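Novice: Next up, upload-v1.cif (mmCIF, C-alpha atoms).
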data_structure
loop_
_atom_site.label_atom_id
_atom_site.label_comp_id
_atom_site.auth_asym_id
_atom_site.auth_seq_id
_atom_site.Cartn_x
_atom_site.Cartn_y
_atom_site.Cartn_z
CA MET D 140 0.00 0.00 0.00
CA LYS D 141 1.21 3.51 -0.85
CA ARG D 142 2.53 5.50 2.08
CA PRO D 143 0.46 8.41 3.42
CA ASP D 144 1.32 11.74 1.82
CA MET D 145 1.98 13.87 4.90
CA ILE D 146 1.79 17.11 2.92
CA HIS D 147 -1.21 16.58 0.64
CA ASP D 148 -3.48 13.88 2.14
CA SER D 149 -6.32 14.89 4.45
CA VAL D 150 -4.73 15.56 7.86
CA GLY D 151 -7.03 13.20 9.77
CA TRP D 152 -6.69 10.42 7.19
CA ALA D 153 -2.90 10.76 7.02
CA LEU D 154 -2.57 10.63 10.81
CA PHE D 155 -4.87 7.61 10.98
CA ARG D 156 -2.83 5.72 8.37
CA LEU D 157 0.42 6.63 10.13
CA LEU D 158 -0.99 5.64 13.52
CA LEU D 159 -2.34 2.15 12.84
CA PRO D 160 0.99 0.42 12.06
CA MET D 161 2.64 2.08 15.07
CA ILE D 162 0.25 0.69 17.68
CA PRO D 163 1.73 -2.86 17.89
CA GLY D 164 5.24 -1.40 18.00
CA THR D 165 4.45 1.02 20.82
CA LEU D 166 2.70 -1.74 22.75
CA SER D 167 5.84 -3.83 22.27
CA ILE D 168 7.92 -1.14 23.98
CA VAL D 169 5.64 -1.43 27.02
CA LEU D 170 5.79 -5.23 26.96
CA PHE D 171 9.57 -5.52 26.55
CA ASN D 172 10.64 -4.73 30.12
CA LEU D 173 7.51 -6.38 31.51
CA ALA D 174 8.62 -9.71 30.01
CA ASP D 175 12.12 -9.42 31.54
CA THR D 176 10.60 -8.56 34.92
CA TYR D 177 8.26 -11.56 34.79
CA PHE D 178 10.89 -14.16 33.90
CA VAL D 179 13.61 -12.82 36.22
CA GLY D 180 11.00 -12.76 38.98
CA GLN D 181 10.79 -16.55 38.66
CA LEU D 182 14.42 -16.74 39.85
CA GLY D 183 13.53 -15.19 43.20
CA SER D 184 13.44 -11.85 44.94
CA LEU D 185 17.22 -11.25 44.95
CA PRO D 186 17.70 -11.42 41.14
CA LEU D 187 14.54 -9.34 40.70
CA ALA D 188 15.87 -6.74 43.13
CA ALA D 189 19.20 -6.72 41.29
CA MET D 190 17.49 -6.09 37.96
CA SER D 191 15.25 -3.47 39.54
CA PHE D 192 18.37 -1.45 40.38
CA SER D 193 19.02 -1.22 36.63
CA PHE D 194 15.69 0.50 35.94
CA PRO D 195 16.99 4.09 36.41
CA VAL D 196 19.77 3.41 33.89
CA VAL D 197 17.31 1.74 31.50
CA LEU D 198 14.88 4.67 31.77
CA ILE D 199 17.65 7.23 31.23
CA SER D 200 19.02 5.37 28.19
CA GLY D 201 15.46 5.06 26.85
CA GLY D 202 14.94 8.79 27.36
CA LEU D 203 18.28 9.50 25.64
CA SER D 204 17.48 7.34 22.62
CA MET D 205 13.99 8.86 22.32
CA GLY D 206 15.44 12.36 22.61
CA LEU D 207 18.08 11.80 19.95
CA GLY D 208 15.44 10.10 17.79
CA ILE D 209 13.06 13.05 18.11
CA GLY D 210 15.88 15.47 17.25
CA THR D 211 16.75 13.37 14.21
CA THR D 212 13.19 12.92 12.93
CA ALA D 213 12.46 16.65 13.30
CA HIS D 214 15.37 17.56 11.01
CA VAL D 215 15.09 14.66 8.57
CA SER D 216 11.33 15.19 8.11
CA ASN D 217 11.92 18.93 7.64
CA ALA D 218 14.48 18.26 4.88
CA LEU D 219 12.18 15.74 3.19
CA GLY D 220 9.27 18.17 3.39
CA ALA D 221 11.43 20.75 1.59
CA GLY D 222 12.23 18.14 -1.09
CA ASP D 223 15.93 17.97 -0.14
CA ARG D 224 16.65 14.23 0.11
CA GLU D 225 20.44 14.67 0.05
CA SER D 226 20.29 16.85 3.17
CA ALA D 227 18.00 14.25 4.80
CA LYS D 228 20.57 11.55 4.04
CA ARG D 229 23.40 13.65 5.45
CA ILE D 230 21.45 14.48 8.63
CA SER D 231 20.49 10.82 9.13
CA SER D 232 24.12 9.69 8.73
CA GLN D 233 25.47 12.38 11.04
CA SER D 234 22.81 11.62 13.67
CA HIS D 235 23.68 7.93 13.67
CA LEU D 236 27.37 8.80 14.13
CA LEU D 237 26.55 11.22 16.97
CA ALA D 238 24.40 8.60 18.73
CA PHE D 239 27.13 5.97 18.31
CA LEU D 240 29.81 8.22 19.84
CA ILE D 241 27.56 9.17 22.76
CA VAL D 242 26.61 5.57 23.60
CA LEU D 243 30.21 4.42 23.17
CA PHE D 244 31.23 6.91 25.85
CA LEU D 245 28.29 6.01 28.11
CA SER D 246 28.94 2.30 27.67
CA ALA D 247 32.59 2.65 28.69
CA ALA D 248 31.70 4.95 31.62
CA GLY D 249 29.00 2.53 32.75
CA LEU D 250 31.30 -0.50 32.69
CA LEU D 251 33.90 1.36 34.75
CA THR D 252 31.46 2.59 37.41
CA ILE D 253 29.13 -0.37 38.05
CA GLU D 254 30.09 -0.93 41.68
CA PRO D 255 30.36 2.70 42.91
CA PHE D 256 27.25 3.81 41.01
CA PHE D 257 24.95 1.04 42.17
CA SER D 258 26.38 1.12 45.67
CA ALA D 259 25.37 4.77 45.77
CA LEU D 260 21.85 3.70 44.75
CA GLY D 261 21.71 1.44 47.80
CA ALA D 262 22.79 -1.96 46.44
CA ASP D 263 24.33 -4.20 49.11
CA ALA D 264 27.06 -6.83 48.94
CA GLU D 265 24.48 -9.52 48.17
CA THR D 266 22.95 -7.84 45.12
CA LEU D 267 26.09 -6.20 43.67
CA PRO D 268 27.49 -9.41 42.07
CA LEU D 269 24.17 -10.01 40.31
CA ILE D 270 23.98 -6.37 39.22
CA ARG D 271 27.52 -6.62 37.83
CA GLU D 272 26.58 -9.80 35.99
CA TYR D 273 23.54 -8.16 34.39
CA MET D 274 24.91 -4.69 33.69
CA THR D 275 28.22 -5.85 32.18
CA ILE D 276 26.30 -7.45 29.33
CA TRP D 277 23.71 -4.67 29.15
CA TYR D 278 26.31 -1.87 28.98
CA SER D 279 28.30 -3.79 26.36
CA GLY D 280 25.21 -3.98 24.17
CA LEU D 281 24.11 -0.36 24.74
CA PRO D 282 24.74 0.68 21.09
CA PHE D 283 22.19 -1.93 20.02
CA VAL D 284 19.68 -0.46 22.49
CA VAL D 285 19.98 3.15 21.27
CA LEU D 286 20.89 3.06 17.56
CA PRO D 287 17.78 1.19 16.32
CA MET D 288 15.59 3.94 17.79
CA ILE D 289 17.44 6.53 15.70
CA GLY D 290 16.82 4.47 12.59
CA ILE D 291 13.16 3.94 13.49
CA ASN D 292 12.70 7.71 13.78
CA VAL D 293 14.30 8.20 10.37
CA LEU D 294 11.80 5.73 8.88
CA GLN D 295 8.93 7.56 10.56
CA ALA D 296 10.18 10.78 8.97
CA THR D 297 9.75 9.19 5.53
CA GLY D 298 6.12 8.32 6.31
CA ASP D 299 6.88 4.64 6.92
CA THR D 300 5.42 3.62 10.26
CA LYS D 301 4.69 0.05 9.16
CA THR D 302 8.34 -1.09 9.22
CA PRO D 303 9.04 0.37 12.70
CA GLY D 304 5.87 -1.28 14.03
CA ILE D 305 6.90 -4.67 12.61
CA VAL D 306 10.49 -4.36 13.82
CA LEU D 307 9.50 -3.43 17.37
CA THR D 308 6.96 -6.25 17.50
CA LEU D 309 9.46 -8.82 16.23
CA SER D 310 11.99 -7.57 18.76
CA VAL D 311 9.69 -8.15 21.75
CA ILE D 312 8.61 -11.57 20.39
CA LEU D 313 12.27 -12.59 20.09
CA ASN D 314 12.98 -11.28 23.60
CA ILE D 315 10.04 -13.22 25.08
CA ALA D 316 11.24 -16.38 23.29
CA LEU D 317 14.87 -15.99 24.37
CA ASP D 318 14.22 -15.01 28.00
CA PRO D 319 13.17 -18.46 29.31
CA LEU D 320 15.74 -20.26 27.10
CA LEU D 321 18.69 -18.20 28.31
CA ILE D 322 17.55 -17.52 31.89
CA PHE D 323 16.58 -21.10 32.80
CA GLY D 324 18.48 -23.06 30.13
CA ILE D 325 17.24 -25.96 28.03
CA GLY D 326 19.09 -28.88 26.46
CA PRO D 327 22.54 -27.68 25.33
CA ILE D 328 21.74 -24.09 26.32
CA PRO D 329 23.15 -23.49 29.83
CA GLN D 330 21.22 -21.73 32.57
CA MET D 331 22.50 -18.14 32.60
CA GLY D 332 20.19 -16.68 35.24
CA ILE D 333 19.98 -12.91 35.30
CA ALA D 334 22.76 -12.66 32.68
CA GLY D 335 20.41 -14.52 30.32
CA ALA D 336 17.88 -11.69 30.55
CA ALA D 337 20.54 -9.13 29.59
CA THR D 338 21.76 -11.34 26.75
CA ALA D 339 18.21 -11.78 25.42
CA THR D 340 17.76 -8.00 25.48
CA VAL D 341 20.99 -7.35 23.57
CA ILE D 342 20.27 -10.04 20.96
CA SER D 343 16.72 -8.85 20.32
CA ARG D 344 17.83 -5.21 20.10
CA ALA D 345 20.69 -6.20 17.78
CA SER D 346 18.19 -7.86 15.45
CA SER D 347 16.28 -4.56 15.30
CA PHE D 348 19.53 -2.74 14.55
CA LEU D 349 20.32 -5.04 11.61
CA ILE D 350 16.82 -4.91 10.08
CA VAL D 351 16.39 -1.16 10.44
CA GLY D 352 19.92 -0.49 9.19
CA TYR D 353 19.33 -2.65 6.11
CA VAL D 354 16.06 -0.87 5.28
CA ILE D 355 17.54 2.62 5.69
CA ILE D 356 20.64 1.81 3.63
CA ARG D 357 19.22 -0.37 0.84
CA ARG D 358 15.60 0.77 0.42
CA GLU D 359 15.52 4.36 1.65
CA LYS D 360 19.14 5.21 0.82
CA LEU D 361 19.24 7.57 3.79
CA LEU D 362 22.41 6.33 5.47
CA SER D 363 26.01 6.41 4.28
CA LEU D 364 29.57 6.91 5.49
CA ASN D 365 29.72 10.31 3.82
CA PHE D 366 29.24 12.62 6.78
CA GLY D 367 30.13 15.86 5.00
CA ASN D 368 32.76 18.29 6.25
CA PHE D 369 33.54 18.61 9.94
CA ARG D 370 32.06 22.09 10.34
CA SER D 371 28.79 20.99 8.72
CA MET D 372 28.70 17.92 10.94
CA LEU D 373 29.16 19.96 14.11
CA LYS D 374 26.35 22.29 13.00
CA GLU D 375 23.97 19.38 12.39
CA TRP D 376 24.93 17.74 15.69
CA GLY D 377 24.16 20.99 17.47
CA GLU D 378 20.73 21.20 15.83
CA VAL D 379 19.88 17.57 16.66
CA LEU D 380 20.99 18.05 20.27
CA PHE D 381 19.08 21.36 20.49
CA ILE D 382 15.89 19.32 20.13
CA GLY D 383 17.18 16.00 21.47
CA ILE D 384 18.41 17.16 24.89
CA PRO D 385 15.15 18.85 25.99
CA ALA D 386 13.16 15.93 24.54
CA ALA D 387 15.31 13.45 26.48
CA ALA D 388 14.95 15.54 29.64
CA THR D 389 11.17 15.53 29.18
CA ASN D 390 11.13 11.73 28.96
CA ILE D 391 13.32 11.44 32.05
CA LEU D 392 11.03 13.78 34.04
CA LEU D 393 8.22 11.21 33.99
CA PRO D 394 9.95 8.55 36.13
CA ILE D 395 11.16 11.30 38.46
CA SER D 396 7.62 12.56 39.07
CA GLN D 397 6.36 8.98 39.41
CA GLY D 398 9.05 8.39 42.02
CA ILE D 399 7.87 11.42 43.98
CA ILE D 400 4.26 10.22 43.92
CA THR D 401 5.39 6.74 44.95
CA ARG D 402 7.11 8.30 47.95
CA ILE D 403 3.87 10.10 48.88
CA VAL D 404 1.84 6.90 48.46
CA SER D 405 4.36 4.91 50.57
CA GLU D 406 3.07 6.75 53.64
CA TYR D 407 -0.12 4.69 53.30
CA GLY D 408 1.62 1.30 53.43
CA THR D 409 3.22 -1.27 51.14
CA GLU D 410 -0.16 -2.44 49.84
CA ALA D 411 -0.86 1.12 48.67
CA VAL D 412 2.50 1.21 46.85
CA ALA D 413 1.78 -2.17 45.24
CA GLY D 414 -1.66 -0.98 44.14
CA PHE D 415 -0.26 2.28 42.77
CA GLY D 416 2.44 0.37 40.86
CA ALA D 417 -0.12 -1.98 39.32
CA ALA D 418 -2.36 0.96 38.40
CA THR D 419 0.44 2.83 36.62
CA ARG D 420 1.18 -0.30 34.56
CA VAL D 421 -2.47 -0.43 33.52
CA GLU D 422 -2.29 3.29 32.77
CA SER D 423 0.68 2.75 30.44
CA PHE D 424 -1.38 0.22 28.45
CA ALA D 425 -4.39 2.56 28.37
CA LEU D 426 -2.28 5.39 26.94
CA VAL D 427 -0.53 3.34 24.22
CA LEU D 428 -2.72 4.77 21.45
CA VAL D 429 -2.03 8.35 22.48
CA LEU D 430 1.69 7.62 22.85
CA SER D 431 1.71 6.10 19.35
CA LEU D 432 -0.02 9.18 17.98
CA SER D 433 2.44 11.55 19.63
CA MET D 434 5.32 9.59 18.05
CA ILE D 435 4.02 10.26 14.54
CA ILE D 436 2.93 13.87 15.18
CA THR D 437 6.57 15.05 15.28
CA PRO D 438 7.56 13.82 11.79
CA PHE D 439 4.17 14.94 10.39
CA VAL D 440 4.70 18.47 11.68
CA GLY D 441 8.35 18.40 10.57
CA ARG D 442 7.37 17.51 7.00
CA ASN D 443 4.79 20.29 6.89
CA LEU D 444 7.25 22.73 8.45
CA GLY D 445 9.57 22.04 5.51
CA ALA D 446 6.68 22.55 3.09
CA GLY D 447 5.53 25.75 4.81
CA ARG D 448 2.08 24.36 5.64
CA GLY D 449 1.21 26.00 8.95
CA ASP D 450 -2.48 25.26 8.45
CA ARG D 451 -1.77 21.50 8.49
CA VAL D 452 0.41 21.84 11.59
CA ARG D 453 -2.41 23.46 13.56
CA LYS D 454 -4.93 20.97 12.25
CA ALA D 455 -2.68 18.01 13.19
CA GLN D 456 -2.46 19.24 16.78
CA LEU D 457 -6.23 19.76 16.87
CA ARG D 458 -7.06 16.34 15.37
CA GLY D 459 -4.60 14.65 17.72
CA SER D 460 -6.13 16.42 20.71
CA GLN D 461 -9.64 15.44 19.65
CA PHE D 462 -8.58 11.81 19.28
CA SER D 463 -6.97 11.87 22.74
CA LEU D 464 -10.15 13.22 24.35
CA VAL D 465 -12.37 10.65 22.64
CA TRP D 466 -10.04 7.78 23.53
CA GLY D 467 -9.80 9.07 27.10
CA ALA D 468 -13.60 8.99 27.38
CA VAL D 469 -13.65 5.37 26.18
CA VAL D 470 -10.98 4.37 28.70
CA LEU D 471 -12.82 6.19 31.49
CA VAL D 472 -16.04 4.25 30.83
CA VAL D 473 -14.10 0.95 30.84
CA PHE D 474 -12.41 1.73 34.15
CA LEU D 475 -15.57 2.99 35.81
CA LEU D 476 -17.30 -0.26 34.92
CA ALA D 477 -14.45 -2.75 35.37
CA ALA D 478 -11.75 -1.21 37.59
CA SER D 479 -11.99 -3.91 40.27
CA PRO D 480 -11.88 -6.94 37.91
CA ILE D 481 -8.93 -5.38 36.09
CA ALA D 482 -7.15 -4.68 39.39
CA SER D 483 -7.67 -8.27 40.58
CA LEU D 484 -5.68 -9.56 37.58
CA PHE D 485 -2.50 -8.19 39.17
CA ASN D 486 -2.94 -9.22 42.79
CA ASP D 487 -5.45 -10.97 45.05
CA ASP D 488 -4.75 -8.88 48.16
CA PRO D 489 -8.00 -6.96 48.86
CA ARG D 490 -6.18 -3.77 49.86
CA VAL D 491 -3.98 -3.82 46.73
CA VAL D 492 -7.04 -4.40 44.54
CA GLN D 493 -8.88 -1.58 46.30
CA VAL D 494 -6.03 0.92 45.76
CA THR D 495 -5.53 -0.08 42.12
CA ALA D 496 -9.24 0.26 41.39
CA MET D 497 -9.41 3.58 43.26
CA TYR D 498 -6.58 5.01 41.15
CA LEU D 499 -8.13 3.82 37.89
CA ARG D 500 -11.57 5.26 38.71
CA ILE D 501 -10.24 8.63 39.87
CA VAL D 502 -7.25 9.34 37.64
CA ALA D 503 -8.84 7.95 34.45
CA VAL D 504 -10.96 11.11 34.40
CA SER D 505 -7.79 12.93 33.30
CA PHE D 506 -6.28 10.45 30.81
CA GLY D 507 -7.78 12.09 27.71
CA VAL D 508 -6.68 15.59 28.78
CA LEU D 509 -3.23 14.28 29.78
CA GLY D 510 -2.78 13.24 26.15
CA LEU D 511 -2.97 16.92 25.14
CA VAL D 512 0.43 17.41 26.81
CA ASN D 513 2.01 14.64 24.71
CA ILE D 514 0.36 15.79 21.47
CA SER D 515 1.26 19.46 21.93
CA ALA D 516 4.85 18.66 22.99
CA ALA D 517 5.30 16.39 19.95
CA ALA D 518 4.00 19.13 17.64
CA LEU D 519 6.36 21.69 19.21
CA ASN D 520 9.32 19.34 18.70
CA GLY D 521 8.33 19.06 15.04
CA LEU D 522 8.33 22.88 14.88
CA ARG D 523 11.86 22.87 16.37
CA ARG D 524 10.64 24.48 19.59
CA PRO D 525 11.95 21.87 22.06
CA LEU D 526 12.28 24.24 25.01
CA LEU D 527 8.58 25.06 24.79
CA ALA D 528 7.82 21.32 24.57
CA ALA D 529 9.93 20.62 27.64
CA GLY D 530 8.36 23.60 29.37
CA ILE D 531 4.76 22.39 29.05
CA ALA D 532 5.79 18.93 30.30
CA ALA D 533 7.65 20.44 33.27
CA ILE D 534 4.74 22.74 34.13
CA ARG D 535 2.33 19.82 34.13
CA MET D 536 4.59 17.79 36.43
CA PHE D 537 6.01 20.31 38.86
CA ILE D 538 3.47 23.15 38.89
CA PHE D 539 0.30 21.04 38.84
CA TYR D 540 0.76 17.25 39.21
CA VAL D 541 3.14 16.89 42.16
CA PRO D 542 1.98 19.92 44.25
CA LEU D 543 -1.71 19.02 43.88
CA ALA D 544 -1.01 15.38 44.80
CA LEU D 545 0.79 16.61 47.94
CA ALA D 546 -2.07 18.96 48.78
CA GLY D 547 -4.61 16.18 48.19
CA SER D 548 -2.69 13.87 50.50
CA ALA D 549 -2.67 16.47 53.28
CA LEU D 550 -6.39 17.19 52.91
CA PHE D 551 -8.02 13.88 51.97
CA GLY D 552 -5.48 11.09 52.40
CA LEU D 553 -4.82 8.53 49.66
CA PRO D 554 -7.94 9.38 47.58
CA GLY D 555 -6.74 12.99 47.71
CA VAL D 556 -3.36 11.99 46.24
CA PHE D 557 -5.09 10.47 43.23
CA ALA D 558 -7.61 13.31 42.91
CA GLY D 559 -4.76 15.84 43.05
CA ALA D 560 -2.85 13.92 40.40
CA ALA D 561 -5.95 13.85 38.17
CA LEU D 562 -6.53 17.58 38.59
CA GLY D 563 -2.85 18.19 37.82
CA ASN D 564 -3.17 16.21 34.60
CA ILE D 565 -6.27 18.16 33.60
CA LEU D 566 -4.76 21.58 34.29
CA GLY D 567 -1.50 20.58 32.58
CA GLY D 568 -3.33 19.30 29.51
CA ILE D 569 -5.51 22.40 29.17
CA SER D 570 -2.46 24.66 29.59
CA ALA D 571 -0.53 22.74 26.90
CA PHE D 572 -3.43 22.89 24.44
CA VAL D 573 -4.08 26.62 24.95
CA TRP D 574 -0.35 27.42 24.82
CA PHE D 575 -0.01 25.73 21.43
CA ARG D 576 -3.23 27.24 20.00
CA ARG D 577 -2.00 30.74 20.87
CA LEU D 578 1.33 30.13 19.12
CA PRO D 579 1.56 31.99 15.76
CA VAL D 580 2.40 28.81 13.85
CA GLN D 581 2.70 30.32 10.37
CA ALA D 582 5.03 33.02 11.69
CA GLU D 583 7.04 30.29 13.44
CA ILE D 584 7.31 28.38 10.17
CA SER D 585 8.41 31.49 8.24
CA GLN D 586 11.05 32.20 10.87
CA GLN D 587 12.32 28.62 10.88
CA ARG D 588 12.53 28.47 7.07
CA LYS D 589 14.54 31.71 6.97
CA ALA D 590 16.95 30.30 9.54
CA VAL D 591 17.63 27.15 7.48
#
Re-express the file's structure as structure tokens.
Specialist:
Amino acid sequence: MKRPDMIHDSVGWALFRLLLPMIPGTLSIVLFNLADTYFVGQLGSLPLAAMSFSFPVVLISGGLSMGLGIGTTAHVSNALGAGDRESAKRISSQSHLLAFLIVLFLSAAGLLTIEPFFSALGADAETLPLIREYMTIWYSGLPFVVLPMIGINVLQATGDTKTPGIVLTLSVILNIALDPLLIFGIGPIPQMGIAGAATATVISRASSFLIVGYVIIRREKLLSLNFGNFRSMLKEWGEVLFIGIPAAATNILLPISQGIITRIVSEYGTEAVAGFGAATRVESFALVLVLSLSMIITPFVGRNLGAGRGDRVRKAQLRGSQFSLVWGAVVLVVFLLAASPIASLFNDDPRVVQVTAMYLRIVAVSFGVLGLVNISAAALNGLRRPLLAAGIAAIRMFIFYVPLALAGSALFGLPGVFAGAALGNILGGISAFVWFRRLPVQAEISQQRKAV
């Protein structure tokens, strides 16, 4: 089937065709770490605790790869929208080189600091050997974790969301298949324990790297070893990082704010924390469609920025926001009717089920409006306004979400925490939407095109 024309097709139809193939891939991202957690959990609490210590590093590397990917797709899609495929190829090549150099440094630094870093996080003498076993393999394979995401963003910039969706889905299927084989061993395959989980991750990510690399080089012809002159390369790196660093910071803010809320919830007991944790996992599944949409909004806006189509940029943000609100209403109805049965799938402790269901019933009111933050931030990244994108995400988290959750806790206890969080999402979403609608998009586009 012919790819959507991001510049000429109806905005709603183009977004719909871009969105559908991305849904399985985005869902796969959510499932990837969940599979590792499940299988390592079968080894016992100590290996699971050891792997849990890796989560901050995994989240930061994920935020970094997403940030660099967003910076890359914004510039590649802009060049393609302007009809300059040679510039798109040069930017893609330079971005891959930049990402490789960054992860090479981080990989070496990580390998040299495993013990002091994780000791500082609170790991004891019992968990450190297992952490070293897991992270040695994981750090060694870090290029395979980050580089495929750069390539996937380049493909999205071309209007191809089908290949990224397939690649991400195949990657999680391979990881799920390899996890039990390498962790527990079978036949001639030895039992590797926690190291098996890291090895499965690296192998599955490496397969994504090979497939995506082949498609970009052979089919799209958007990757080569010709990086241009050094001055040009430094300029392009600066432009990618100008968008990539704020985008990465925005992605890293989410686990930070979740950690703060977890600390607030911990005052109400371990069952409350368990219920909150289960609820946030359900929330991540519920928001997969909106997350998928935000991932394709950036290249869509970037292409139309290059073509000078400010009307389509505004309409894309509006259509995305409308979709988020409708989907949020559907999710709300589901959770109002079935919060308790859904909660009981994760745990049979009555208190845990009660807290999970309470969160889903209260906070789901805000899910649709929360999506407005993601949609607006994605559109701003496509417009090369990353600081504004980071700003609306930071305002939602630290002006509304966390303070209102704290106030709710002080006034109404645990239900107040969730009500405050919901109100924070709503106020943050409305602020993001209004902020973007008041932005003179056509003037922004004219200014950006003059600067190129």
Novice: Restricting the calculation to all atoms listed in the file, which member of D:Thr297, D:Asn217, D:Ser431, D:Ser204 is positioned closest to Val169 of chain D?
Specialist: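 Closest to Val169 of chain D of all the choices is D:Ser431.
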Novice: Could you check how far atom CA of Val242 of chain D sits from atom CA of Trp376 of chain D, in Å to one decimal?
Specialist: 14.6 Å
Novice: Which residues would end up in the selection if the PyMOL selection byres ((chain D and resi 347) around 10) were applied here, given that I need the answer as JSON, numbers by chain?
Specialist: {"D": [283, 284, 286, 287, 288, 290, 291, 303, 305, 306, 307, 308, 309, 310, 311, 341, 342, 343, 344, 345, 346, 348, 349, 350, 351, 352, 353]}
Novice: Given the file shown, determine the residues that the PyMOL selection byres ((chain D and resi 526) around 12) selects; report them as a PyMOL selection string.
Specialist: chain D and resi 380-389+516-517+519-525+527-534
Novice: Given 4 Å on each side, where is the centre and what are the edge lengths in Å to one decimal of the axis-aligned box enclosing the listed atoms of segment 297-314 of chain D, as lines of an AutoDock Vina configuration file?
Specialist:
center_x = 8.8
center_y = -1.7
center_z = 14.6
size_x = 16.3
size_y = 29.8
size_z = 26.1
Novice: Just the number, please: distance in Å from atom CA of Ile391 of chain D to atom CA of Ile514 of chain D, one decimal.
Specialist: 17.3 Å
Novice: Name the residues captured by the PyMOL selection byres ((chain D and resi 301) around 8) when it is applied to the shown file; answer as a list in words.
Specialist: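 Expected selection for the PyMOL selection byres ((chain D and resi 301) around 8) here is Leu157, Pro160, Met161, Asp299, Thr300, Thr302, Pro303, Gly304 and Ile305 of chain D.
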Novice: Which residues are close to Gly220 of chain D, i.e. within 12 Å by only C-alpha atoms, leaving aside same-chain residues fewer than 5 positions away? Reply as a VMD selection string.
Specialist: chain D and resid 144 to 147 212 to 215 226 to 227 296 to 298 438 to 448 521 588
Novice: When you draw a straight line from atom CA of Asn564 of chain D to atom CA of Val470 of chain D, how long is it in Å?
Specialist: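 Rounded to one decimal, the two atoms are 15.4 Å apart.
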Novice: Excluding Tyr177 of chain D and its own-chain neighbours fewer than 2 positions away, which residues fall within 12 Å of it when counting only C-alpha atoms? Please give them as a list of chain:residue names.
Specialist: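 The neighbour list is D:Leu170, D:Phe171, D:Asn172, D:Leu173, D:Ala174, D:Asp175, D:Val179, D:Gly180, D:Gln181, D:Leu182, D:Gly183, D:Ser184, D:Pro186, D:Leu187, D:Met190, D:Ser191, D:Ile315, D:Asp318, D:Pro319, D:Ile322, D:Ile333, D:Ala336.
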Novice: Residues within 8 Å of Gln493 of chain D, please, as a PyMOL selection string. Count all atoms listed in the file; anything in the same chain fewer than 4 positions from it doesn't count.
Specialist: chain D and resi 414+479+482+489+497
Novice: Of the candidates D:Val512, D:Ala417, D:Leu430, D:Ile241, which shows the shortest atom-to-atom distance to Val494 of chain D, using only C-alpha atoms?
Specialist: D:Ala417
Novice: From (6.2, 3.3, 44.1), in the file's coordinates, out to 10 Å: which residues are reached, counting only C-alpha atoms? Answer as an NGL selection string.
Specialist: :D and (397-405 or 409 or 411-417 or 419)
Novice: Please tell me which residues are no farther than 10 Å from (31.4, -1.8, 42.7) in the file, counting only C-alpha atoms, and write them as a PyMOL selection string.
Specialist: chain D and resi 251-259+262-264+267-268+270-271
